[in-house]
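Chemist: Got final-v4.txt for you, compact mmCIF, C-alpha atoms:
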# COMPACT_ATOMS: atom_id res chain seq x y z
CA MET A 1 5.88 34.98 -102.99
CA PRO A 2 6.37 33.54 -99.50
CA ALA A 3 4.83 30.26 -98.50
CA THR A 4 2.49 31.97 -96.11
CA PRO A 5 0.62 34.66 -98.06
CA LEU A 6 -1.27 37.14 -95.99
CA PRO A 7 -4.68 35.60 -95.23
CA PRO A 8 -7.89 37.62 -95.41
CA SER A 9 -8.34 39.86 -92.42
CA PRO A 10 -11.03 38.91 -89.87
CA GLU A 11 -12.99 42.00 -90.87
CA LYS A 12 -13.24 40.74 -94.47
CA THR A 13 -14.33 37.25 -93.47
CA GLY A 14 -16.90 38.42 -90.95
CA GLY A 15 -14.87 37.55 -87.83
CA THR A 16 -13.85 39.69 -84.88
CA PRO A 17 -10.50 41.46 -85.24
CA ALA A 18 -7.87 39.64 -83.20
CA LYS A 19 -5.53 41.55 -80.93
CA GLY A 20 -2.86 38.83 -80.88
CA PRO A 21 -2.15 35.15 -81.53
CA LEU A 22 -3.97 33.99 -78.38
CA ASP A 23 -7.03 36.07 -79.21
CA ALA A 24 -6.93 34.69 -82.76
CA LEU A 25 -6.92 31.12 -81.44
CA GLU A 26 -9.85 31.89 -79.17
CA ASN A 27 -11.79 33.26 -82.13
CA ALA A 28 -11.03 29.99 -83.94
CA SER A 29 -11.82 31.39 -87.37
CA SER A 30 -9.89 30.23 -90.42
CA ALA A 31 -8.33 33.66 -90.89
CA ALA A 32 -7.22 33.82 -87.25
CA ILE A 33 -5.67 30.34 -87.37
CA LEU A 34 -3.83 31.24 -90.56
CA ARG A 35 -2.52 34.38 -88.93
CA VAL A 36 -1.19 32.42 -85.94
CA LEU A 37 0.47 29.86 -88.23
CA ARG A 38 2.04 32.60 -90.34
CA VAL A 39 3.46 34.46 -87.34
CA THR A 40 4.68 31.20 -85.78
CA LEU A 41 6.39 30.13 -89.00
CA HIS A 42 8.20 33.43 -89.49
CA THR A 43 9.22 33.54 -85.84
CA GLY A 44 10.46 29.94 -85.97
CA PHE A 45 12.53 30.61 -89.07
CA ALA A 46 14.14 33.66 -87.45
CA LEU A 47 14.90 31.81 -84.19
CA LEU A 48 16.37 28.74 -85.91
CA LEU A 49 18.55 30.97 -88.10
CA ALA A 50 19.72 32.99 -85.08
CA VAL A 51 20.52 29.85 -83.07
CA ALA A 52 22.55 28.43 -85.96
CA VAL A 53 24.57 31.67 -86.29
CA VAL A 54 25.25 31.75 -82.53
CA ARG A 55 26.45 28.12 -82.57
CA ILE A 56 28.80 28.93 -85.46
CA PHE A 57 30.44 31.69 -83.46
CA MET A 58 30.59 29.48 -80.37
CA ALA A 59 32.35 26.76 -82.37
CA GLY A 60 34.81 29.22 -83.85
CA GLY A 61 36.57 28.55 -87.14
CA PRO A 62 38.09 30.71 -89.85
CA LEU A 63 34.91 30.80 -92.00
CA ARG A 64 32.45 31.78 -89.29
CA TRP A 65 32.13 35.36 -90.63
CA LEU A 66 31.48 34.05 -94.12
CA TRP A 67 28.68 31.79 -92.91
CA ALA A 68 27.28 34.61 -90.78
CA ALA A 69 27.21 36.90 -93.84
CA ALA A 70 25.45 34.20 -95.86
CA ALA A 71 22.91 33.83 -93.05
CA VAL A 72 22.28 37.59 -93.08
CA VAL A 73 21.71 37.48 -96.84
CA LEU A 74 19.27 34.59 -96.38
CA ALA A 75 17.43 36.52 -93.67
CA ALA A 76 17.27 39.63 -95.87
CA ILE A 77 15.85 37.74 -98.85
CA TYR A 78 13.32 35.89 -96.71
CA LEU A 79 12.24 39.11 -94.98
CA ALA A 80 11.99 41.02 -98.27
CA GLY A 81 9.72 38.35 -99.74
CA THR A 82 7.38 38.20 -96.77
CA VAL A 83 7.15 41.98 -96.37
CA LEU A 84 6.46 42.57 -100.08
CA GLU A 85 3.81 39.86 -100.04
CA LYS A 86 2.10 41.36 -97.02
CA ARG A 87 2.12 44.89 -98.43
CA HIS A 88 0.73 43.62 -101.73
CA ALA A 89 -2.03 41.67 -99.97
CA GLU A 90 -2.96 44.84 -98.08
CA ALA A 91 -3.03 46.76 -101.41
CA ARG A 92 -0.33 49.13 -100.15
CA ILE A 93 1.87 48.59 -103.22
CA GLY A 94 1.07 47.97 -106.88
CA PHE A 95 4.03 45.64 -107.44
CA ASN A 96 2.98 41.98 -107.43
CA PRO A 97 5.80 39.86 -105.91
CA ARG A 98 3.98 36.57 -106.55
CA ARG A 99 5.23 36.56 -110.13
CA TYR A 100 8.74 36.04 -108.74
CA GLY A 101 7.75 33.46 -106.15
CA LEU A 102 9.66 30.55 -107.70
CA LEU A 103 12.80 32.67 -108.09
CA TRP A 104 12.51 33.75 -104.46
CA LEU A 105 12.05 30.12 -103.37
CA GLY A 106 15.07 29.04 -105.39
CA LEU A 107 17.27 31.69 -103.75
CA VAL A 108 16.13 30.76 -100.24
CA THR A 109 16.66 27.04 -100.87
CA ALA A 110 20.06 27.57 -102.51
CA LEU A 111 21.32 29.77 -99.66
CA TRP A 112 20.08 27.20 -97.15
CA ALA A 113 21.95 24.45 -99.02
CA VAL A 114 25.14 26.55 -98.97
CA LEU A 115 24.79 27.16 -95.23
CA LEU A 116 24.02 23.48 -94.63
CA ALA A 117 27.24 22.54 -96.44
CA GLY A 118 29.13 24.86 -94.09
CA SER A 119 27.45 23.78 -90.84
CA ALA A 120 24.95 21.10 -89.80
CA ASP A 121 23.46 23.66 -87.37
CA PHE A 122 21.47 25.10 -90.30
CA ALA A 123 19.79 21.74 -90.92
CA TRP A 124 16.70 22.60 -88.86
CA LEU A 125 15.90 25.57 -91.09
CA ALA A 126 14.66 22.95 -93.54
CA PHE A 127 11.36 22.52 -91.69
CA PRO A 128 10.00 26.08 -92.16
CA ILE A 129 11.35 26.01 -95.73
CA PHE A 130 9.26 22.87 -96.35
CA PHE A 131 6.16 25.07 -96.05
CA LEU A 132 7.50 27.34 -98.79
CA HIS A 133 7.76 24.42 -101.19
CA LEU A 134 4.33 23.07 -100.27
CA HIS A 135 2.75 26.44 -101.03
CA LEU A 136 4.64 27.57 -104.13
CA LEU A 137 5.27 24.29 -105.93
CA PRO A 138 2.87 21.67 -107.31
CA ARG A 139 2.30 18.88 -104.82
CA ARG A 140 4.52 16.32 -106.55
CA GLY A 141 7.31 18.83 -107.06
CA ALA A 142 7.04 19.95 -103.44
CA LEU A 143 7.19 16.36 -102.13
CA LEU A 144 10.24 15.62 -104.30
CA ALA A 145 12.02 18.76 -103.06
CA ILE A 146 11.16 17.93 -99.43
CA THR A 147 12.49 14.39 -99.90
CA LEU A 148 15.77 15.67 -101.32
CA MET A 149 16.10 18.27 -98.55
CA THR A 150 15.38 15.63 -95.90
CA GLY A 151 18.12 13.47 -97.41
CA ALA A 152 20.48 16.46 -97.25
CA VAL A 153 19.62 17.00 -93.56
CA VAL A 154 20.25 13.32 -92.76
CA ALA A 155 23.57 13.48 -94.64
CA SER A 156 24.68 16.62 -92.81
CA GLN A 157 23.85 15.07 -89.42
CA TRP A 158 25.69 11.90 -90.37
CA ALA A 159 28.74 13.86 -91.53
CA ALA A 160 28.73 15.96 -88.35
CA SER A 161 28.64 12.85 -86.15
CA GLY A 162 31.68 11.27 -87.87
CA ALA A 163 30.19 7.81 -87.35
CA PRO A 164 30.66 5.15 -90.05
CA VAL A 165 26.89 4.46 -89.94
CA PRO A 166 24.28 7.18 -89.35
CA HIS A 167 22.63 7.06 -85.96
CA ALA A 168 18.95 6.12 -85.89
CA ALA A 169 18.01 9.48 -84.41
CA ALA A 170 19.78 11.28 -87.26
CA VAL A 171 17.47 9.50 -89.70
CA VAL A 172 14.20 9.17 -87.80
CA GLY A 173 14.18 12.77 -86.55
CA PRO A 174 14.44 14.51 -89.95
CA VAL A 175 12.03 12.01 -91.57
CA LEU A 176 9.38 12.49 -88.88
CA GLY A 177 9.91 16.23 -89.05
CA ALA A 178 9.39 16.18 -92.82
CA VAL A 179 6.22 14.07 -92.51
CA PHE A 180 4.86 16.39 -89.84
CA SER A 181 5.68 19.42 -92.01
CA VAL A 182 3.88 17.93 -95.01
CA ILE A 183 0.76 17.12 -92.98
CA THR A 184 0.77 20.57 -91.38
CA GLY A 185 1.37 22.24 -94.73
CA LEU A 186 -1.52 20.41 -96.35
CA ALA A 187 -3.77 21.35 -93.42
CA TYR A 188 -2.65 24.95 -93.78
CA ALA A 189 -3.45 24.87 -97.50
CA ALA A 190 -6.94 23.54 -96.72
CA LEU A 191 -7.49 26.32 -94.17
CA TYR A 192 -6.21 28.89 -96.64
CA ARG A 193 -8.63 27.67 -99.31
CA GLU A 194 -11.47 27.79 -96.79
CA ALA A 195 -10.56 31.35 -95.81
CA GLU A 196 -10.41 32.35 -99.48
CA ASN A 197 -13.82 30.78 -100.08
CA GLN A 198 -15.23 32.65 -97.09
CA ARG A 199 -13.76 35.90 -98.38
CA ARG A 200 -15.19 35.35 -101.85
CA ALA A 201 -18.56 34.41 -100.37
CA ALA A 202 -18.54 37.56 -98.23
CA ASP A 203 -17.61 39.68 -101.26
CA GLU A 204 -20.37 38.06 -103.31
CA LEU A 205 -22.87 38.61 -100.51
CA ARG A 206 -21.85 42.24 -100.26
CA ARG A 207 -22.18 42.70 -104.03
CA THR A 208 -25.55 40.96 -103.98
CA ARG A 209 -26.78 43.24 -101.20
CA GLU A 210 -25.58 46.31 -103.09
CA GLU A 211 -27.28 45.13 -106.29
CA LEU A 212 -30.47 44.33 -104.37
CA SER A 213 -30.43 47.74 -102.71
CA ARG A 214 -29.86 49.43 -106.06
CA SER A 215 -32.63 47.37 -107.67
CA GLN A 216 -35.05 48.17 -104.86
CA HIS A 217 -34.21 51.86 -105.16
CA GLU A 218 -34.81 51.80 -108.91
CA SER A 219 -38.05 49.89 -108.42
CA GLY A 220 -39.17 52.45 -105.86
CA VAL A 221 -38.35 55.29 -108.22
CA LEU A 222 -40.29 53.63 -111.05
CA ALA A 223 -43.24 52.87 -108.75
CA GLU A 224 -43.38 56.47 -107.56
CA ARG A 225 -43.10 57.69 -111.14
CA GLU A 226 -46.03 55.45 -112.11
CA ARG A 227 -48.04 56.71 -109.13
CA LEU A 228 -47.47 60.33 -110.10
CA ALA A 229 -48.34 59.54 -113.73
CA ARG A 230 -51.64 57.96 -112.65
CA GLU A 231 -52.47 60.82 -110.32
CA ILE A 232 -51.65 63.46 -112.91
CA HIS A 233 -53.68 61.70 -115.58
CA ASP A 234 -56.71 61.02 -113.38
CA THR A 235 -56.79 64.46 -111.76
CA LEU A 236 -54.78 67.30 -113.28
CA ALA A 237 -54.96 66.16 -116.89
CA GLN A 238 -58.71 65.59 -116.72
CA GLY A 239 -59.22 68.89 -114.90
CA LEU A 240 -57.13 70.84 -117.40
CA SER A 241 -59.09 69.23 -120.22
CA SER A 242 -62.31 70.40 -118.59
CA ILE A 243 -60.91 73.90 -118.13
CA VAL A 244 -59.99 74.06 -121.82
CA LEU A 245 -63.48 72.97 -122.89
CA LEU A 246 -65.19 75.35 -120.46
CA GLY A 247 -62.93 78.22 -121.53
CA ARG A 248 -63.82 77.66 -125.15
CA ALA A 249 -67.51 77.51 -124.27
CA ALA A 250 -67.26 80.75 -122.26
CA GLU A 251 -65.44 82.41 -125.15
CA GLN A 252 -68.23 81.38 -127.50
CA SER A 253 -70.87 82.69 -125.10
CA LEU A 254 -69.09 86.04 -124.92
CA ALA A 255 -68.90 86.15 -128.71
CA ASP A 256 -72.65 85.50 -128.84
CA GLY A 257 -73.27 88.27 -126.30
CA ASP A 258 -74.59 85.82 -123.67
CA ALA A 259 -72.85 87.29 -120.63
CA PRO A 260 -74.76 85.29 -117.93
CA THR A 261 -73.88 81.95 -119.55
CA ALA A 262 -70.26 83.02 -120.01
CA SER A 263 -70.13 84.09 -116.37
CA SER A 264 -71.47 80.73 -115.15
CA ARG A 265 -68.97 78.86 -117.29
CA LEU A 266 -66.10 80.99 -116.04
CA ALA A 267 -67.25 80.25 -112.48
CA LEU A 268 -67.08 76.56 -113.38
CA VAL A 269 -63.55 77.09 -114.71
CA GLN A 270 -62.58 78.66 -111.39
CA GLN A 271 -64.14 75.83 -109.41
CA THR A 272 -62.48 73.16 -111.55
CA ALA A 273 -59.10 74.87 -111.20
CA ALA A 274 -59.55 75.09 -107.41
CA ASP A 275 -60.47 71.39 -107.24
CA ASN A 276 -57.40 70.43 -109.27
CA LEU A 277 -55.17 72.60 -107.12
CA ALA A 278 -56.46 70.75 -104.07
CA GLU A 279 -55.83 67.43 -105.85
CA ALA A 280 -52.28 68.45 -106.75
CA ARG A 281 -51.47 69.46 -103.18
CA SER A 282 -53.02 66.26 -101.93
CA PHE A 283 -51.13 63.74 -104.02
CA VAL A 284 -47.84 65.65 -103.63
CA ARG A 285 -48.26 65.04 -99.89
CA GLY A 286 -49.15 61.42 -100.63
CA LEU A 287 -52.64 61.78 -99.14
CA SER A 288 -56.02 60.61 -100.40
CA SER A 289 -58.23 62.56 -102.74
CA PRO A 290 -59.74 65.71 -101.16
CA HIS A 291 -63.07 64.61 -102.62
CA LEU A 292 -63.08 61.77 -100.06
CA GLU A 293 -62.19 63.84 -97.02
CA GLY A 294 -65.07 63.98 -94.55
CA THR A 295 -67.47 62.14 -96.85
CA THR A 296 -68.37 58.66 -98.14
CA LEU A 297 -67.56 57.13 -101.49
CA VAL A 298 -71.26 57.16 -102.42
CA GLU A 299 -71.53 60.90 -101.79
CA ALA A 300 -68.27 61.56 -103.68
CA LEU A 301 -69.53 59.58 -106.68
CA ARG A 302 -72.88 61.37 -106.59
CA ARG A 303 -71.13 64.74 -106.64
CA LEU A 304 -68.90 63.50 -109.48
CA CYS A 305 -71.97 62.62 -111.55
CA GLY A 306 -73.36 66.09 -110.95
CA THR A 307 -70.06 67.73 -111.88
CA THR A 308 -69.88 65.62 -115.04
CA GLU A 309 -73.35 66.75 -116.12
CA THR A 310 -72.55 70.38 -115.38
CA GLY A 311 -69.25 70.24 -117.26
CA ALA A 312 -70.86 68.55 -120.24
CA ALA A 313 -73.67 71.11 -120.30
CA ALA A 314 -71.17 73.96 -120.16
CA ALA A 315 -69.44 72.44 -123.19
CA GLY A 316 -72.78 72.23 -125.00
CA LEU A 317 -73.28 68.49 -124.49
CA ALA A 318 -76.57 66.92 -123.34
CA LEU A 319 -75.21 64.23 -121.02
CA ARG A 320 -77.24 62.79 -118.15
CA CYS A 321 -75.23 60.97 -115.46
CA ARG A 322 -76.70 59.13 -112.49
CA LEU A 323 -75.45 56.90 -109.65
CA GLU A 324 -77.09 53.62 -108.61
CA VAL A 325 -76.16 51.80 -105.41
CA ASP A 326 -76.84 48.08 -104.80
CA GLY A 327 -76.57 46.57 -101.35
CA GLU A 328 -75.99 48.18 -98.00
CA PRO A 329 -73.19 50.78 -98.19
CA GLN A 330 -70.27 49.93 -95.91
CA ASP A 331 -66.99 51.49 -94.90
CA LEU A 332 -64.34 50.62 -97.44
CA PRO A 333 -60.55 50.55 -97.03
CA GLN A 334 -58.95 53.78 -98.16
CA PRO A 335 -57.06 52.24 -101.15
CA VAL A 336 -60.35 50.82 -102.45
CA ARG A 337 -62.19 54.13 -102.07
CA VAL A 338 -59.43 56.03 -103.88
CA ALA A 339 -59.18 53.44 -106.69
CA LEU A 340 -62.93 53.45 -107.31
CA LEU A 341 -63.16 57.24 -107.28
CA ARG A 342 -60.21 57.58 -109.65
CA ALA A 343 -61.74 54.95 -111.93
CA ALA A 344 -65.04 56.83 -112.03
CA GLN A 345 -63.29 60.15 -112.68
CA ALA A 346 -61.23 58.73 -115.57
CA SER A 347 -64.15 56.82 -117.10
CA LEU A 348 -66.64 59.70 -116.92
CA ALA A 349 -64.03 62.09 -118.34
CA ASN A 350 -63.68 59.76 -121.31
CA VAL A 351 -67.47 59.61 -121.68
CA ARG A 352 -67.72 63.41 -121.63
CA ASP A 353 -64.78 64.04 -123.97
CA HIS A 354 -65.00 61.18 -126.46
CA ALA A 355 -68.15 59.06 -126.24
CA ARG A 356 -70.77 61.65 -127.36
CA ALA A 357 -73.19 59.79 -125.09
CA ALA A 358 -76.59 60.91 -123.91
CA ASN A 359 -76.59 58.80 -120.73
CA ALA A 360 -73.99 57.51 -118.29
CA VAL A 361 -74.73 55.27 -115.31
CA VAL A 362 -72.35 54.48 -112.43
CA THR A 363 -73.44 51.36 -110.52
CA LEU A 364 -71.77 50.70 -107.15
CA ALA A 365 -72.51 47.32 -105.55
CA PHE A 366 -71.55 46.20 -102.03
CA LEU A 367 -71.33 42.38 -101.98
CA GLY A 368 -69.89 41.71 -98.52
CA THR A 369 -66.41 40.37 -99.31
CA GLU A 370 -66.02 42.50 -102.42
CA VAL A 371 -67.22 45.66 -104.08
CA THR A 372 -67.96 46.20 -107.76
CA MET A 373 -68.44 49.27 -109.90
CA ASP A 374 -69.72 49.46 -113.47
CA ILE A 375 -69.59 52.63 -115.58
CA TYR A 376 -71.91 52.42 -118.57
CA ASP A 377 -72.52 54.88 -121.38
CA ASP A 378 -74.61 54.73 -124.56
CA GLY A 379 -72.04 56.56 -126.66
CA THR A 380 -70.20 55.71 -129.84
CA GLY A 381 -68.12 52.95 -128.30
CA PHE A 382 -64.71 51.80 -129.51
CA GLU A 383 -62.60 48.74 -130.17
CA PRO A 384 -60.88 47.78 -126.81
CA SER A 385 -57.89 46.14 -128.51
CA VAL A 386 -57.18 49.32 -130.46
CA ALA A 387 -57.46 51.45 -127.31
CA ALA A 388 -55.04 49.15 -125.45
CA GLY A 389 -52.48 49.55 -128.22
CA ALA A 390 -52.72 53.34 -128.05
CA ALA A 391 -51.38 53.56 -124.47
CA ASP A 392 -47.91 54.60 -125.56
CA THR A 393 -48.78 57.14 -128.23
CA ALA A 394 -47.12 60.54 -128.18
CA ASP A 395 -50.18 62.37 -126.89
CA GLY A 396 -50.71 59.88 -124.10
CA SER A 397 -54.14 58.75 -125.31
CA GLY A 398 -55.00 55.34 -124.02
CA PHE A 399 -52.92 55.82 -120.86
CA GLY A 400 -56.06 56.12 -118.71
CA LEU A 401 -57.14 52.54 -119.34
CA ARG A 402 -53.65 51.21 -118.57
CA SER A 403 -53.43 53.38 -115.46
CA LEU A 404 -56.82 52.13 -114.30
CA ARG A 405 -55.82 48.52 -114.88
CA GLU A 406 -52.64 49.03 -112.81
CA ARG A 407 -54.64 50.52 -109.93
CA VAL A 408 -57.05 47.59 -109.92
CA THR A 409 -54.31 44.98 -110.26
CA ALA A 410 -52.41 46.50 -107.31
CA LEU A 411 -55.48 45.73 -105.15
CA ASN A 412 -55.79 42.16 -106.49
CA GLY A 413 -58.91 43.14 -108.38
CA SER A 414 -60.13 42.61 -111.94
CA LEU A 415 -61.01 45.03 -114.72
CA ALA A 416 -63.10 44.28 -117.80
CA VAL A 417 -63.92 46.63 -120.67
CA GLU A 418 -66.79 45.75 -122.99
CA SER A 419 -67.37 47.95 -125.99
CA ALA A 420 -67.93 47.94 -129.70
CA PRO A 421 -68.27 50.74 -132.25
CA GLY A 422 -71.76 52.20 -132.04
CA GLU A 423 -72.84 50.09 -129.03
CA GLY A 424 -71.62 52.06 -126.02
CA THR A 425 -69.11 51.01 -123.36
CA VAL A 426 -69.11 49.26 -119.99
CA VAL A 427 -66.12 49.42 -117.64
CA ALA A 428 -66.50 46.75 -114.93
CA ILE A 429 -64.32 46.73 -111.81
CA ARG A 430 -64.30 44.11 -109.07
CA LEU A 431 -62.21 44.57 -105.91
CA PRO A 432 -61.86 42.13 -102.98
CA LEU A 433 -62.05 43.65 -99.52
CA ASP A 434 -59.98 41.13 -97.49
CA GLY A 435 -56.56 41.92 -98.99
CA ALA A 436 -57.38 45.62 -99.32
CA ALA A 437 -57.78 45.93 -95.55
CA ALA A 438 -54.14 44.95 -95.07
CA LEU A 439 -53.11 47.49 -97.69
CA ASP A 440 -55.15 50.09 -95.85
CA GLY A 441 -53.21 49.42 -92.62
CA ALA A 442 -49.90 49.70 -94.46
CA ALA A 443 -51.01 52.95 -96.06
CA SER A 444 -51.94 54.42 -92.71
CA LEU A 445 -48.49 53.58 -91.35
CA ASP A 446 -46.92 55.34 -94.32
CA GLY A 447 -48.88 58.53 -93.75
CA GLY A 448 -52.05 57.60 -95.54
CA SER A 449 -50.63 57.25 -99.05
CA ASP A 450 -53.19 56.24 -101.58
CA GLY A 451 -50.72 55.35 -104.27
As a first step, turn the structure in this file into structure tokens.

Modeler:
Amino acid sequence: MPATPLPPSPEKTGGTPAKGPLDALENASSAAILRVLRVTLHTGFALLLAVAVVRIFMAGGPLRWLWAAAAVVLAAIYLAGTVLEKRHAEARIGFNPRRYGLLWLGLVTALWAVLLAGSADFAWLAFPIFFLHLHLLPRRGALLAITLMTGAVVASQWAASGAPVPHAAAVVGPVLGAVFSVITGLAYAALYREAENQRRAADELRRTREELSRSQHESGVLAERERLAREIHDTLAQGLSSIVLLGRAAEQSLADGDAPTASSRLALVQQTAADNLAEARSFVRGLSSPHLEGTTLVEALRRLCGTTETGAAAAGLALRCRLEVDGEPQDLPQPVRVALLRAAQASLANVRDHARAANAVVTLAFLGTEVTMDIYDDGTGFEPSVAAGAADTADGSGFGLRSLRERVTALNGSLAVESAPGEGTVVAIRLPLDGAAALDGAASLDGGSDG
């Protein structure tokens, strides 16, 4: 509504809150300069109006109270407009006074014209009113109104002087004042636009940061969910599957009256359950596999082969599993050790449960800058494309291959699966050791997470 709408606060534009006009000038931000100009304009309008009223009373005259009343009305309308605009800009009221800006401007200008007709002392109020026109009217309309008002000021000064020809000062002064007001008003408009752009940029930056934070949070949640899904599949799910098979085998042994065999299989059930309990506690804490604590990857894989043979035998399967090591064993980064162990666990579980193989071979090769592991079995084989498409089935079959591929990809490695119906299967994994060392350092800083 007023010509000087409340500019964005320094807090919203990233500046330091100003304590006063001088502090605002020292800060030299667009918002601070706008604040100084706004306060100066309102103060100037009030002072010029007060001076004109005082001069009317000093001059005397029968209509001085009428002009004073008109001046009070003008002051009240001007003050009401500026206060409502400020409160709306601060979101303290829901009423939007800007819809009535042109009406407000018309009332202020009309009252000024009435006062100017009564006394030339109100002529200088034209200069702060110029800013109202420059802000609320289109540029051409504002310039036309300012030209007409300047002519009215010159005419009032000429009439007050009583001279047959207007004095040069009565013409040059108002014209220069109008030109200065237009230039200042345009500069103010440019500063106001800059402050608005800064406010919008700050709001957009804040929204972008909030969206980025929300996106990162969602990504973290999804990553942790994927980690837990991989851990559950490669540990608890495989262990529970073994427990089910061993329980059925023990039940059959009891039915056949073979108590020693049933007892050994029940002992295996207990051991498998204990191992899975340790795994569950481990990955809940975000630590590495307990099978790798205090031992090497080679020893863990050798024990895994033995456990696979024992579990298969307890289920009535004749499966022979052995480990072969190529190259000189070396210390591997923790993420690599965990990924390879999980890959071997998942692959050998598939061999035991689905392949109906007689032999399985795990080959671990240390090649200096990388490590490879191949898991081979001479079982029934499968079609890899069909297995990849089964990853999202209701029972979760096929998830192990996708989980394994995600583990390997996270370490910048490669995974290849070669199989065909009736020709066995080879799962080949290749992991670089240079990038994995950096991941190992990051994992140690995060408490040793293997996910």

Chemist: Could you tell me which of A:Asp434, A:Glu194, A:Glu218, A:Asp258 comes closest to Val336 (chain A) if we count only C-alpha atoms?

Modeler: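 For Val336 (chain A), the nearest of the given residues is A:Asp434.
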
Chemist: Given all atoms listed in the file as the basis, pick out the residue of A:Val244, A:Leu348, A:Phe382, A:Thr296 nearest to Glu309 (chain A).

Modeler: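 That would be A:Leu348, the residue with the smallest distance to Glu309 (chain A).
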
Chemist: Measure the distance from CA of Val417 (chain A) to CA of Asp326 (chain A) in Å and round it to one decimal.

Modeler: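 Interatomic distance here is 20.5 Å.
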
Chemist: I'd like the contact shell of His42 (chain A) - 12 Å cut-off, only C-alpha atoms, skipping same-chain residues fewer than 4 positions apart - returned as a ChimeraX atom specification.

Modeler: /A:2-5,35-38,46-49,75,78-79,81-83,125,127-129,131-132

Chemist: For the residues in the current selection, export C-alpha atoms as a short mmCIF file (atom, residue, chain, number, x, y, z; two decimals), in the coordinates of the input.

Modeler:
data_model
loop_
_atom_site.label_atom_id
_atom_site.label_comp_id
_atom_site.auth_asym_id
_atom_site.auth_seq_id
_atom_site.Cartn_x
_atom_site.Cartn_y
_atom_site.Cartn_z
CA PRO A 2 6.37 33.54 -99.50
CA ALA A 3 4.83 30.26 -98.50
CA THR A 4 2.49 31.97 -96.11
CA PRO A 5 0.62 34.66 -98.06
CA ARG A 35 -2.52 34.38 -88.93
CA VAL A 36 -1.19 32.42 -85.94
CA LEU A 37 0.47 29.86 -88.23
CA ARG A 38 2.04 32.60 -90.34
CA ALA A 46 14.14 33.66 -87.45
CA LEU A 47 14.90 31.81 -84.19
CA LEU A 48 16.37 28.74 -85.91
CA LEU A 49 18.55 30.97 -88.10
CA ALA A 75 17.43 36.52 -93.67
CA TYR A 78 13.32 35.89 -96.71
CA LEU A 79 12.24 39.11 -94.98
CA GLY A 81 9.72 38.35 -99.74
CA THR A 82 7.38 38.20 -96.77
CA VAL A 83 7.15 41.98 -96.37
CA LEU A 125 15.90 25.57 -91.09
CA PHE A 127 11.36 22.52 -91.69
CA PRO A 128 10.00 26.08 -92.16
CA ILE A 129 11.35 26.01 -95.73
CA PHE A 131 6.16 25.07 -96.05
CA LEU A 132 7.50 27.34 -98.79
#

Chemist: Each residue of region 141-260 of chain A with at least one atom at most 12 Å from region 97-111 of chain A should appear once, together with its nearest atom pair and the corresponding distance in Å (one decimal); atoms considered: all atoms listed in the file; ordering: chain, then increasing residue number; output as JSON lines.

Modeler:
{"residue": "A:Gly141", "atom": "CA", "partner": "A:Leu102", "partner_atom": "CA", "distance": 12.0}
{"residue": "A:Ala142", "atom": "CA", "partner": "A:Leu105", "partner_atom": "CA", "distance": 11.3}
{"residue": "A:Ala145", "atom": "CA", "partner": "A:Thr109", "partner_atom": "CA", "distance": 9.7}
{"residue": "A:Ile146", "atom": "CA", "partner": "A:Thr109", "partner_atom": "CA", "distance": 10.7}
{"residue": "A:Leu148", "atom": "CA", "partner": "A:Thr109", "partner_atom": "CA", "distance": 11.4}
{"residue": "A:Met149", "atom": "CA", "partner": "A:Thr109", "partner_atom": "CA", "distance": 9.1}
{"residue": "A:Ala152", "atom": "CA", "partner": "A:Thr109", "partner_atom": "CA", "distance": 11.8}

Chemist: Those residues with C-alpha atoms, as a PDB file, in the frame of the given file please?

Modeler:
ATOM      1  CA  GLY A 141       7.310  18.830-107.060  1.00  0.00           C
ATOM      2  CA  ALA A 142       7.040  19.950-103.440  1.00  0.00           C
ATOM      3  CA  ALA A 145      12.020  18.760-103.060  1.00  0.00           C
ATOM      4  CA  ILE A 146      11.160  17.930 -99.430  1.00  0.00           C
ATOM      5  CA  LEU A 148      15.770  15.670-101.320  1.00  0.00           C
ATOM      6  CA  MET A 149      16.100  18.270 -98.550  1.00  0.00           C
ATOM      7  CA  ALA A 152      20.480  16.460 -97.250  1.00  0.00           C
TER       8      ALA A 152
END

Chemist: Find the distance between CA of Val408 (chain A) and CA of Leu332 (chain A) and write it in Å to one decimal.

Modeler: 14.8 Å

Chemist: For CA of Ser263 (chain A) and CA of Asp275 (chain A), determine how far apart the two atoms are, in Å to one decimal place.

Modeler: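 According to the coordinates, CA of Ser263 (chain A) and CA of Asp275 (chain A) are separated by 18.4 Å.
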
Chemist: Skipping near chain neighbours, those fewer than 5 positions away, what residues fall within 10 Å of Val72 (chain A) using only C-alpha atoms, listed as a PyMOL selection string?

Modeler: chain A and resi 49-50+53+66-67+77-78

Chemist: A:Leu41, A:Leu74, A:Ala89, A:Val171: which is nearest Gly185 (chain A), counting all atoms listed in the file?

Modeler: A:Leu41

Chemist: Can you tell me, as a ChimeraX atom specification, what residues are no more than 6 Å from region 354-359 of chain A when counting all atoms listed in the file, ignoring any on the same chain fewer than 5 positions away?

Modeler: /A:319-321,377-380
